[in-house]
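K.L.:
You'll find entry.tsv just under this line, and it carries TSV, C-alpha atoms and all ligand atoms.
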chain	number	residue	atom	x	y	z
A	1	MET	CA	111.59	26.96	-2.60
A	2	ALA	CA	109.98	30.32	-3.27
A	3	PHE	CA	108.85	32.84	-5.82
A	4	VAL	CA	112.01	34.77	-6.72
A	5	THR	CA	112.81	37.78	-8.88
A	6	THR	CA	115.24	37.68	-11.81
A	7	LYS	CA	117.88	39.79	-10.05
A	8	GLU	CA	120.22	36.97	-9.02
A	9	MET	CA	119.33	34.77	-12.02
A	10	PHE	CA	120.29	37.47	-14.51
A	11	LYS	CA	123.50	38.41	-12.71
A	12	LYS	CA	124.66	34.77	-12.85
A	13	ALA	CA	123.43	34.32	-16.43
A	14	TYR	CA	125.23	37.44	-17.67
A	15	GLU	CA	128.48	36.41	-16.02
A	16	GLY	CA	128.11	32.77	-17.08
A	17	GLY	CA	127.28	33.46	-20.73
A	18	TYR	CA	123.94	31.67	-20.71
A	19	ALA	CA	120.26	32.64	-20.69
A	20	VAL	CA	117.30	31.67	-18.53
A	21	GLY	CA	114.27	30.23	-20.32
A	22	ALA	CA	111.00	32.11	-19.96
A	23	PHE	CA	108.24	29.69	-20.91
A	24	ASN	CA	104.59	30.66	-21.36
A	25	VAL	CA	102.07	28.72	-19.28
A	26	ASN	CA	98.34	28.23	-19.75
A	27	ASN	CA	97.40	25.06	-17.87
A	28	MET	CA	98.54	22.33	-15.49
A	29	GLU	CA	100.17	20.00	-18.02
A	30	ILE	CA	102.32	22.79	-19.47
A	31	ILE	CA	103.45	23.85	-15.98
A	32	GLN	CA	104.23	20.25	-15.02
A	33	GLY	CA	106.20	19.49	-18.20
A	34	ILE	CA	108.35	22.61	-17.86
A	35	THR	CA	109.02	22.36	-14.13
A	36	GLU	CA	109.88	18.65	-14.29
A	37	ALA	CA	112.47	19.38	-16.99
A	38	CYS	CA	114.00	22.19	-14.90
A	39	GLN	CA	114.05	20.01	-11.80
A	40	ASP	CA	115.86	17.20	-13.66
A	41	GLN	CA	118.32	19.60	-15.33
A	42	LYS	CA	118.85	21.82	-12.25
A	43	ALA	CA	118.01	24.87	-14.33
A	44	PRO	CA	116.79	28.32	-13.24
A	45	LEU	CA	113.26	29.10	-14.44
A	46	ILE	CA	110.92	31.93	-15.38
A	47	LEU	CA	107.28	31.01	-15.99
A	48	GLN	CA	105.34	33.70	-17.79
A	49	VAL	CA	101.65	34.45	-18.06
A	50	SER	CA	100.22	36.52	-20.90
A	51	ALA	CA	97.04	38.58	-20.75
A	52	GLY	CA	95.46	35.83	-22.86
A	53	ALA	CA	96.59	33.09	-20.46
A	54	ARG	CA	95.21	35.08	-17.57
A	55	LYS	CA	91.87	35.40	-19.34
A	56	TYR	CA	91.84	31.70	-20.30
A	57	ALA	CA	92.87	30.07	-17.02
A	58	LYS	CA	92.29	32.87	-14.46
A	59	GLN	CA	95.22	34.37	-12.59
A	60	SER	CA	94.56	32.61	-9.28
A	61	TYR	CA	94.51	29.14	-10.90
A	62	LEU	CA	97.87	29.79	-12.54
A	63	VAL	CA	99.47	31.24	-9.40
A	64	HIS	CA	98.30	28.27	-7.34
A	65	LEU	CA	99.41	25.75	-9.98
A	66	VAL	CA	102.87	27.32	-9.99
A	67	GLU	CA	102.94	27.18	-6.19
A	68	ALA	CA	102.05	23.48	-6.40
A	69	ALA	CA	104.82	22.92	-8.94
A	70	MET	CA	107.37	24.54	-6.60
A	71	GLU	CA	106.18	22.32	-3.78
A	72	GLU	CA	106.41	19.16	-5.92
A	73	THR	CA	109.77	19.89	-7.56
A	74	GLY	CA	111.53	21.95	-4.88
A	75	ILE	CA	112.69	24.57	-7.41
A	76	ASP	CA	112.51	28.37	-7.14
A	77	ILE	CA	110.49	30.10	-9.85
A	78	CYS	CA	110.17	33.65	-11.10
A	79	LEU	CA	106.52	34.30	-12.00
A	80	HIS	CA	106.37	36.94	-14.73
A	81	LEU	CA	103.65	38.87	-16.57
A	82	ASP	CA	104.32	38.67	-20.32
A	83	HIS	CA	103.43	41.71	-22.47
A	84	GLY	CA	101.49	43.75	-19.91
A	85	ASP	CA	99.89	46.59	-21.85
A	86	SER	CA	98.67	48.82	-19.00
A	87	PHE	CA	99.58	50.02	-15.52
A	88	GLU	CA	96.38	48.39	-14.17
A	89	LEU	CA	97.28	44.93	-15.55
A	90	CYS	CA	100.82	45.16	-14.13
A	91	LYS	CA	99.49	46.34	-10.76
A	92	SER	CA	96.98	43.49	-10.60
A	93	CYS	CA	99.74	40.91	-11.21
A	94	ILE	CA	102.09	42.55	-8.71
A	95	ASP	CA	99.31	42.59	-6.11
A	96	GLY	CA	98.50	38.95	-6.97
A	97	GLY	CA	101.99	37.60	-6.18
A	98	PHE	CA	103.99	37.92	-9.44
A	99	THR	CA	107.67	38.65	-8.87
A	100	SER	CA	108.30	40.23	-12.28
A	101	VAL	CA	106.21	42.12	-14.84
A	102	MET	CA	106.72	43.29	-18.39
A	103	ILE	CA	105.23	46.60	-19.39
A	104	ASP	CA	105.13	46.56	-23.17
A	105	ALA	CA	104.60	50.12	-24.34
A	106	SER	CA	106.87	49.60	-27.34
A	107	SER	CA	104.10	50.42	-29.81
A	108	LYS	CA	103.65	53.87	-28.23
A	109	PRO	CA	105.75	56.95	-29.02
A	110	TYR	CA	109.14	57.00	-27.22
A	111	GLU	CA	108.21	59.55	-24.53
A	112	GLU	CA	104.94	57.74	-23.76
A	113	ASN	CA	106.80	54.43	-23.49
A	114	ILE	CA	109.14	56.06	-20.95
A	115	GLU	CA	106.31	57.63	-18.96
A	116	LEU	CA	104.25	54.43	-18.63
A	117	THR	CA	107.29	52.22	-17.98
A	118	LYS	CA	108.47	54.59	-15.24
A	119	LYS	CA	105.08	54.52	-13.54
A	120	VAL	CA	105.12	50.69	-13.47
A	121	VAL	CA	108.74	50.64	-12.23
A	122	GLU	CA	107.89	52.94	-9.31
A	123	TYR	CA	104.96	50.78	-8.20
A	124	ALA	CA	106.81	47.48	-8.75
A	125	HIS	CA	110.07	48.41	-7.04
A	126	ASP	CA	108.17	49.61	-4.00
A	127	LYS	CA	106.85	46.02	-3.67
A	128	GLY	CA	110.15	44.28	-4.46
A	129	VAL	CA	109.06	43.29	-7.99
A	130	VAL	CA	111.28	43.67	-11.07
A	131	VAL	CA	110.25	45.15	-14.42
A	132	GLU	CA	111.04	44.35	-18.07
A	133	ALA	CA	110.27	46.91	-20.78
A	134	GLU	CA	110.63	46.90	-24.57
A	135	LEU	CA	112.25	49.24	-27.03
A	136	GLY	CA	111.80	48.60	-30.74
A	137	ARG	CA	108.88	46.64	-32.17
A	138	LEU	CA	108.67	42.91	-32.98
A	139	ALA	CA	106.28	41.77	-35.67
A	140	GLY	CA	103.61	39.28	-34.64
A	141	ILE	CA	100.47	38.88	-32.65
A	142	GLU	CA	99.75	38.40	-29.00
A	143	ASP	CA	96.42	39.15	-27.38
A	144	ALA	CA	97.62	42.48	-26.06
A	145	VAL	CA	99.85	43.72	-28.86
A	146	VAL	CA	99.45	43.38	-32.62
A	147	VAL	CA	102.29	44.59	-34.86
A	148	ALA	CA	102.11	44.16	-38.64
A	149	ALA	CA	105.37	43.05	-40.26
A	150	GLY	CA	105.72	46.44	-41.99
A	151	ASP	CA	105.52	48.28	-38.64
A	152	ALA	CA	108.24	46.23	-36.99
A	153	ALA	CA	111.40	48.18	-36.15
A	154	PHE	CA	114.81	47.20	-34.86
A	155	THR	CA	115.89	48.71	-31.55
A	156	ASP	CA	118.02	51.82	-31.92
A	157	PRO	CA	121.17	51.28	-29.80
A	158	ASP	CA	121.50	55.07	-29.42
A	159	GLN	CA	118.26	55.15	-27.36
A	160	VAL	CA	118.91	52.38	-24.85
A	161	GLN	CA	121.03	54.29	-22.30
A	162	ASP	CA	118.52	57.14	-22.14
A	163	PHE	CA	115.57	54.71	-21.86
A	164	VAL	CA	117.08	52.56	-19.11
A	165	GLY	CA	118.43	55.59	-17.23
A	166	ARG	CA	115.13	57.47	-17.24
A	167	THR	CA	112.83	54.51	-16.49
A	168	GLY	CA	114.91	52.50	-14.00
A	169	VAL	CA	113.87	49.18	-15.62
A	170	ASP	CA	115.62	45.97	-14.59
A	171	SER	CA	115.83	44.39	-18.07
A	172	LEU	CA	115.16	45.41	-21.64
A	173	ALA	CA	113.56	43.49	-24.51
A	174	ILE	CA	115.01	44.49	-27.87
A	175	ALA	CA	114.03	43.88	-31.49
A	176	ILE	CA	116.83	42.26	-33.53
A	177	GLY	CA	114.80	40.35	-36.11
A	178	THR	CA	112.84	37.83	-34.05
A	179	SER	CA	109.05	37.82	-34.14
A	180	HIS	CA	106.21	36.00	-32.41
A	181	GLY	CA	104.58	32.85	-33.74
A	182	ALA	CA	105.54	30.08	-36.19
A	183	TYR	CA	106.26	32.21	-39.29
A	184	LYS	CA	109.23	34.36	-38.35
A	185	PHE	CA	111.22	34.76	-41.57
A	186	LYS	CA	110.17	34.74	-45.20
A	187	GLY	CA	113.68	34.39	-46.62
A	188	GLU	CA	116.93	33.81	-44.74
A	189	ALA	CA	116.52	33.38	-40.96
A	190	LYS	CA	118.87	35.88	-39.37
A	191	LEU	CA	119.19	37.66	-36.03
A	192	ARG	CA	120.94	41.05	-35.98
A	193	LEU	CA	123.58	40.11	-33.42
A	194	ASP	CA	125.45	43.26	-34.47
A	195	ILE	CA	122.65	45.36	-32.98
A	196	LEU	CA	122.72	43.25	-29.81
A	197	GLN	CA	126.48	43.84	-29.56
A	198	LYS	CA	125.98	47.61	-29.90
A	199	VAL	CA	123.29	47.58	-27.20
A	200	GLN	CA	125.64	45.61	-24.94
A	201	ASP	CA	128.43	48.14	-25.55
A	202	LYS	CA	126.06	50.95	-24.47
A	203	LEU	CA	124.78	49.04	-21.41
A	204	PRO	CA	127.59	46.84	-20.11
A	205	GLY	CA	126.35	44.29	-17.56
A	206	PHE	CA	122.67	45.03	-18.22
A	207	PRO	CA	120.34	42.07	-18.92
A	208	ILE	CA	118.72	41.95	-22.36
A	209	VAL	CA	115.60	39.94	-23.25
A	210	LEU	CA	114.74	38.19	-26.50
A	211	HIS	CA	111.08	37.70	-27.41
A	212	GLY	CA	109.83	35.62	-30.31
A	213	ALA	CA	112.68	33.17	-29.80
A	214	SER	CA	111.14	29.82	-30.62
A	215	SER	CA	113.15	27.86	-33.14
A	216	VAL	CA	109.93	26.30	-34.53
A	217	MET	CA	111.53	22.87	-34.17
A	218	PRO	CA	111.26	21.10	-37.57
A	219	GLU	CA	110.53	17.70	-36.02
A	220	TYR	CA	107.33	18.97	-34.39
A	221	VAL	CA	106.26	20.93	-37.48
A	222	ALA	CA	106.75	17.72	-39.50
A	223	MET	CA	104.83	15.70	-36.92
A	224	CYS	CA	101.92	18.18	-37.00
A	225	ASN	CA	101.85	17.96	-40.78
A	226	GLN	CA	102.16	14.17	-40.82
A	227	TYR	CA	99.06	13.84	-38.64
A	228	GLY	CA	96.72	16.18	-40.47
A	229	GLY	CA	98.14	19.64	-39.73
A	230	ASN	CA	98.97	22.30	-42.28
A	231	LEU	CA	101.98	24.36	-41.24
A	232	GLY	CA	103.63	25.00	-44.59
A	233	GLY	CA	106.34	27.66	-44.50
A	234	ALA	CA	106.78	27.69	-40.71
A	235	GLN	CA	110.27	28.92	-39.82
A	236	GLY	CA	111.93	29.85	-36.53
A	237	CYS	CA	115.11	31.31	-35.04
A	238	PRO	CA	118.28	29.29	-35.74
A	239	GLU	CA	119.41	27.69	-32.50
A	240	ASP	CA	123.08	28.58	-32.98
A	241	MET	CA	122.16	32.28	-33.20
A	242	LEU	CA	120.09	32.05	-30.02
A	243	ARG	CA	123.01	30.35	-28.27
A	244	GLU	CA	125.31	33.14	-29.44
A	245	ALA	CA	122.84	35.78	-28.17
A	246	ALA	CA	122.84	33.98	-24.80
A	247	ARG	CA	126.66	34.19	-24.71
A	248	LEU	CA	126.31	37.95	-25.24
A	249	ALA	CA	123.99	40.10	-23.08
A	250	VAL	CA	120.76	38.14	-23.55
A	251	CYS	CA	119.78	36.73	-20.16
A	252	LYS	CA	116.12	35.80	-20.85
A	253	ILE	CA	114.82	33.95	-23.90
A	254	ASN	CA	111.04	33.71	-24.41
A	255	ILE	CA	109.59	30.47	-25.74
A	256	ASP	CA	105.93	29.74	-26.33
A	257	THR	CA	105.39	28.62	-29.94
A	258	ASP	CA	107.70	25.59	-29.59
A	259	LEU	CA	105.64	24.37	-26.63
A	260	ARG	CA	102.40	24.85	-28.54
A	261	LEU	CA	103.74	22.94	-31.54
A	262	ALA	CA	105.02	20.03	-29.45
A	263	MET	CA	101.79	19.73	-27.51
A	264	THR	CA	99.64	19.91	-30.63
A	265	ALA	CA	101.84	17.48	-32.60
A	266	SER	CA	101.62	14.96	-29.79
A	267	ILE	CA	97.83	15.23	-29.51
A	268	ARG	CA	97.34	15.04	-33.29
A	269	LYS	CA	99.46	11.87	-33.40
A	270	TYR	CA	97.59	10.35	-30.49
A	271	PHE	CA	94.17	10.81	-32.08
A	272	VAL	CA	95.25	9.46	-35.44
A	273	GLU	CA	96.73	6.39	-33.75
A	274	HIS	CA	93.90	5.93	-31.23
A	275	PRO	CA	90.69	7.19	-32.82
A	276	GLU	CA	88.63	5.18	-30.33
A	277	HIS	CA	90.05	6.87	-27.19
A	278	PHE	CA	88.36	9.74	-25.36
A	279	ASP	CA	89.93	9.93	-21.88
A	280	PRO	CA	91.76	13.31	-21.76
A	281	ARG	CA	94.50	11.82	-19.58
A	282	GLN	CA	95.44	9.48	-22.41
A	283	TYR	CA	96.38	12.33	-24.76
A	284	LEU	CA	97.32	15.05	-22.27
A	285	GLY	CA	99.89	12.74	-20.63
A	286	PRO	CA	101.98	12.31	-23.81
A	287	ALA	CA	101.48	16.04	-24.55
A	288	ARG	CA	102.99	16.85	-21.16
A	289	ASP	CA	105.91	14.50	-21.94
A	290	ALA	CA	106.45	16.32	-25.25
A	291	ILE	CA	106.63	19.67	-23.42
A	292	LYS	CA	109.21	18.20	-21.04
A	293	GLU	CA	111.27	16.92	-23.97
A	294	VAL	CA	111.27	20.31	-25.74
A	295	VAL	CA	112.20	22.20	-22.56
A	296	THR	CA	115.02	19.75	-21.78
A	297	HIS	CA	116.40	20.31	-25.28
A	298	LYS	CA	116.22	24.11	-24.85
A	299	LEU	CA	117.91	24.08	-21.44
A	300	ILE	CA	120.85	22.04	-22.68
A	301	HIS	CA	121.33	23.10	-26.31
A	302	VAL	CA	119.90	26.62	-26.66
A	303	LEU	CA	119.93	28.40	-23.30
A	304	GLY	CA	123.01	26.71	-21.82
A	305	CYS	CA	121.49	26.98	-18.34
A	306	ALA	CA	121.36	23.29	-17.32
A	307	GLY	CA	123.10	22.83	-13.97
A	308	GLN	CA	122.98	26.54	-13.14
A	309	ALA	CA	120.10	26.62	-10.59
B	1	LIG	O1	104.26	36.61	-26.97
B	1	LIG	C1	103.20	36.04	-26.78
B	1	LIG	C2	103.05	34.71	-26.24
B	1	LIG	O2	103.28	33.73	-27.22
B	1	LIG	C3	101.70	34.57	-25.62
B	1	LIG	O3	100.70	34.47	-26.56
B	1	LIG	O4	98.98	36.20	-25.98
B	1	LIG	O5	98.38	34.15	-27.31
B	1	LIG	O6	98.93	33.97	-24.87
B	1	LIG	P1	99.15	34.72	-26.16
B	2	LIG	P1	107.58	32.63	-29.65
B	2	LIG	O1	106.29	32.89	-30.37
B	2	LIG	O2	108.74	32.67	-30.59
B	2	LIG	O3	107.57	31.39	-28.84
B	2	LIG	O4	107.80	33.86	-28.63
B	2	LIG	C1	107.18	33.86	-27.37
B	2	LIG	C2	107.29	35.19	-26.70
B	2	LIG	O5	108.05	36.07	-27.06
B	2	LIG	C3	106.45	35.39	-25.52
B	2	LIG	O6	106.54	36.69	-25.02
B	3	ZN	ZN	106.85	38.18	-26.52
What would the structure in this file look like if it were written as structure tokens?

P.N.:
Amino acid sequence: MAFVTTKEMFKKAYEGGYAVGAFNVNNMEIIQGITEACQDQKAPLILQVSAGARKYAKQSYLVHLVEAAMEETGIDICLHLDHGDSFELCKSCIDGGFTSVMIDASSKPYEENIELTKKVVEYAHDKGVVVEAELGRLAGIEDAVVVAAGDAAFTDPDQVQDFVGRTGVDSLAIAIGTSHGAYKFKGEAKLRLDILQKVQDKLPGFPIVLHGASSVMPEYVAMCNQYGGNLGGAQGCPEDMLREAARLAVCKINIDTDLRLAMTASIRKYFVEHPEHFDPRQYLGPARDAIKEVVTHKLIHVLGCAGQA
């Protein structure tokens, strides 16, 4: 087993009409839950680290935890930087052993996005690392990038050939209506698969990435609320639309919020049922099991990548 890039994974995923899950990781239990599910399901895997995760857990802890997970499970893993906002951050991850980085300059003017993306691509490719970039803007908040709903913009299919040609990126994240977090749609939940189809027509065979793709699983929202949470109005991406996107050109689907909800729901339930307990292993164990359950569901029913490793 080894750290791998997404090159082979995406080629197989594109041809096979499925997507690879890219799950955000912040600590040991999350890494264990995800990797155990992928081991059991024989699924390809991308683990991604955000700037916030890097700040929280420290890069070297996460890299070594992922190495330990590969050793334990015997699976190959692509280790990816999620939403890198500068050349320096991407360089630091490339130098630290990541096999894939995202440079997210989507909030900058078009020419600046191209210039910064190209600079990262040149450095990364020289070291055998692949690069994801973004065109169009998703609403939502991550540590590195904050986009108000009103500033969100769908990807323009007429720009994608020029962008990919001039930057040399290996995959492209596009905005088709998804957004980060647990509150994705106010009214009808709908992905613009027509825009995805147009992008695919312009870039046949090229891997597309979908951010903000949690389905905000109702059972975990309900469980959070049942045990003292307050997540009224939470709404995610319909799973059948994600599956359809995976049959088209989407080769990587990013999921973080669903893991957060499952982990939190499990811990809330545990404390309500066992108010006298205080050993972290007693509530982090079931939380890890909940992560594994969510990932297993995604691999089989949303991504379609079970059995494809
Ligand atoms: O897209 C963002 C991911 O959900 C990571 O979120 O920046 O809070 O770690 P974070
Ligand atoms: P969600 O908030 O929908 O899980 O999206 C995660 C993501 O896009 C990470 O980059
Ligand atoms: Zn994202």

K.L.:
From the options A:Ile34, A:Ala57, A:Val130, A:Met70, which residue's atoms come nearest to Ile94 of chain A, counting all atoms listed in the file?

P.N.:
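Result for the nearest residue to Ile94 of chain A: A:Val130.
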
K.L.:
Could you tell me, as a ChimeraX atom specification, which residues have any atom at most 12 Å from (97.6, 39.1, -13.2), counting all atoms listed in the file?

P.N.:
/A:48-63,79-102

K.L.:
Restricting the calculation to all atoms listed in the file: of A:Ser215, A:Gln161, A:Thr257, A:Asn230, which residue gets closest to ligand LIG 1 (chain B)?

P.N.:
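Counting all atoms listed in the file, the residue closest to ligand LIG 1 (chain B) is A:Thr257.
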
K.L.:
For segment 241-256 of chain A, find every residue with an atom within 6 Å (counting only C-alpha atoms), except residues of its own chain fewer than 6 positions away, and show them as a PyMOL selection string.

P.N.:
chain A and resi 10+13+17-24+207-211+213-214+302

K.L.:
Next, dump the selected residues to file, keeping only C-alpha atoms, as a PDB file, in the frame of the given file.

P.N.:
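For reference, selection.pdb as written:
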ATOM      1  CA  PHE A  10     120.290  37.470 -14.510  1.00  0.00           C
ATOM      2  CA  ALA A  13     123.430  34.320 -16.430  1.00  0.00           C
ATOM      3  CA  GLY A  17     127.280  33.460 -20.730  1.00  0.00           C
ATOM      4  CA  TYR A  18     123.940  31.670 -20.710  1.00  0.00           C
ATOM      5  CA  ALA A  19     120.260  32.640 -20.690  1.00  0.00           C
ATOM      6  CA  VAL A  20     117.300  31.670 -18.530  1.00  0.00           C
ATOM      7  CA  GLY A  21     114.270  30.230 -20.320  1.00  0.00           C
ATOM      8  CA  ALA A  22     111.000  32.110 -19.960  1.00  0.00           C
ATOM      9  CA  PHE A  23     108.240  29.690 -20.910  1.00  0.00           C
ATOM     10  CA  ASN A  24     104.590  30.660 -21.360  1.00  0.00           C
ATOM     11  CA  PRO A 207     120.340  42.070 -18.920  1.00  0.00           C
ATOM     12  CA  ILE A 208     118.720  41.950 -22.360  1.00  0.00           C
ATOM     13  CA  VAL A 209     115.600  39.940 -23.250  1.00  0.00           C
ATOM     14  CA  LEU A 210     114.740  38.190 -26.500  1.00  0.00           C
ATOM     15  CA  HIS A 211     111.080  37.700 -27.410  1.00  0.00           C
ATOM     16  CA  ALA A 213     112.680  33.170 -29.800  1.00  0.00           C
ATOM     17  CA  SER A 214     111.140  29.820 -30.620  1.00  0.00           C
ATOM     18  CA  VAL A 302     119.900  26.620 -26.660  1.00  0.00           C
TER      19      VAL A 302
END

K.L.:
Please report, as AutoDock Vina command-line options, the centre and edge lengths in Å to one decimal of an axis-aligned box covering all listed atoms of ligand LIG 1 (chain B) with 5 Å per side.

P.N.:
--center_x 101.3 --center_y 35.2 --center_z -26.1 --size_x 15.9 --size_y 12.9 --size_z 12.4

K.L.:
Using all atoms listed in the file and a cutoff of 12 Å, can you tell me which residues are near (107.1, 31.1, -40.0) in the file's coordinates, and write them out as a PyMOL selection string?

P.N.:
chain A and resi 139-140+178-189+212-218+221+231-237+257-258

K.L.:
Identify which of the residues A:Lys108, A:Gln32, A:Asp156, A:Leu45 lies closest to Glu72 of chain A, counting only C-alpha atoms when measuring atom-to-atom distances.

P.N.:
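Closest to Glu72 of chain A of all the choices is A:Gln32.
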
K.L.:
Do you know which residues are at most 12 Å from Val199 of chain A counting only C-alpha atoms, after dropping those on the same chain fewer than 5 positions away, and could you put them as a short mmCIF file (atom, residue, chain, number, x, y, z; two decimals) with C-alpha atoms, in the frame of the given file?

P.N.:
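File written: selection05.cif
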data_model
loop_
_atom_site.label_atom_id
_atom_site.label_comp_id
_atom_site.auth_asym_id
_atom_site.auth_seq_id
_atom_site.Cartn_x
_atom_site.Cartn_y
_atom_site.Cartn_z
CA LEU A 135 112.25 49.24 -27.03
CA PHE A 154 114.81 47.20 -34.86
CA THR A 155 115.89 48.71 -31.55
CA ASP A 156 118.02 51.82 -31.92
CA PRO A 157 121.17 51.28 -29.80
CA ASP A 158 121.50 55.07 -29.42
CA GLN A 159 118.26 55.15 -27.36
CA VAL A 160 118.91 52.38 -24.85
CA GLN A 161 121.03 54.29 -22.30
CA ASP A 162 118.52 57.14 -22.14
CA PHE A 163 115.57 54.71 -21.86
CA VAL A 164 117.08 52.56 -19.11
CA LEU A 172 115.16 45.41 -21.64
CA ALA A 173 113.56 43.49 -24.51
CA ILE A 174 115.01 44.49 -27.87
CA ALA A 175 114.03 43.88 -31.49
CA ILE A 176 116.83 42.26 -33.53
CA ARG A 192 120.94 41.05 -35.98
CA LEU A 193 123.58 40.11 -33.42
CA ASP A 194 125.45 43.26 -34.47
CA PRO A 204 127.59 46.84 -20.11
CA GLY A 205 126.35 44.29 -17.56
CA PHE A 206 122.67 45.03 -18.22
CA PRO A 207 120.34 42.07 -18.92
CA ILE A 208 118.72 41.95 -22.36
CA VAL A 209 115.60 39.94 -23.25
CA ALA A 245 122.84 35.78 -28.17
CA LEU A 248 126.31 37.95 -25.24
CA ALA A 249 123.99 40.10 -23.08
CA VAL A 250 120.76 38.14 -23.55
#

K.L.:
Rounded to one decimal place, report the atom CA of Ala287 of chain A-atom CA of Ile267 of chain A distance in Å.

P.N.:
6.2 Å

K.L.:
Name all residues at most 8 Å from Gly229 of chain A (count all atoms listed in the file; drop same-chain ones fewer than 4 positions away) and give them as a ChimeraX atom specification.

P.N.:
/A:224-225,268

K.L.:
Give the answer as one residue: which of A:His64, A:Lys118, A:Gln41, A:Ile31 has the shortest atom-to-atom distance to His301 of chain A, using all atoms listed in the file?

P.N.:
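So, comparing all the options, the nearest one is A:Gln41.
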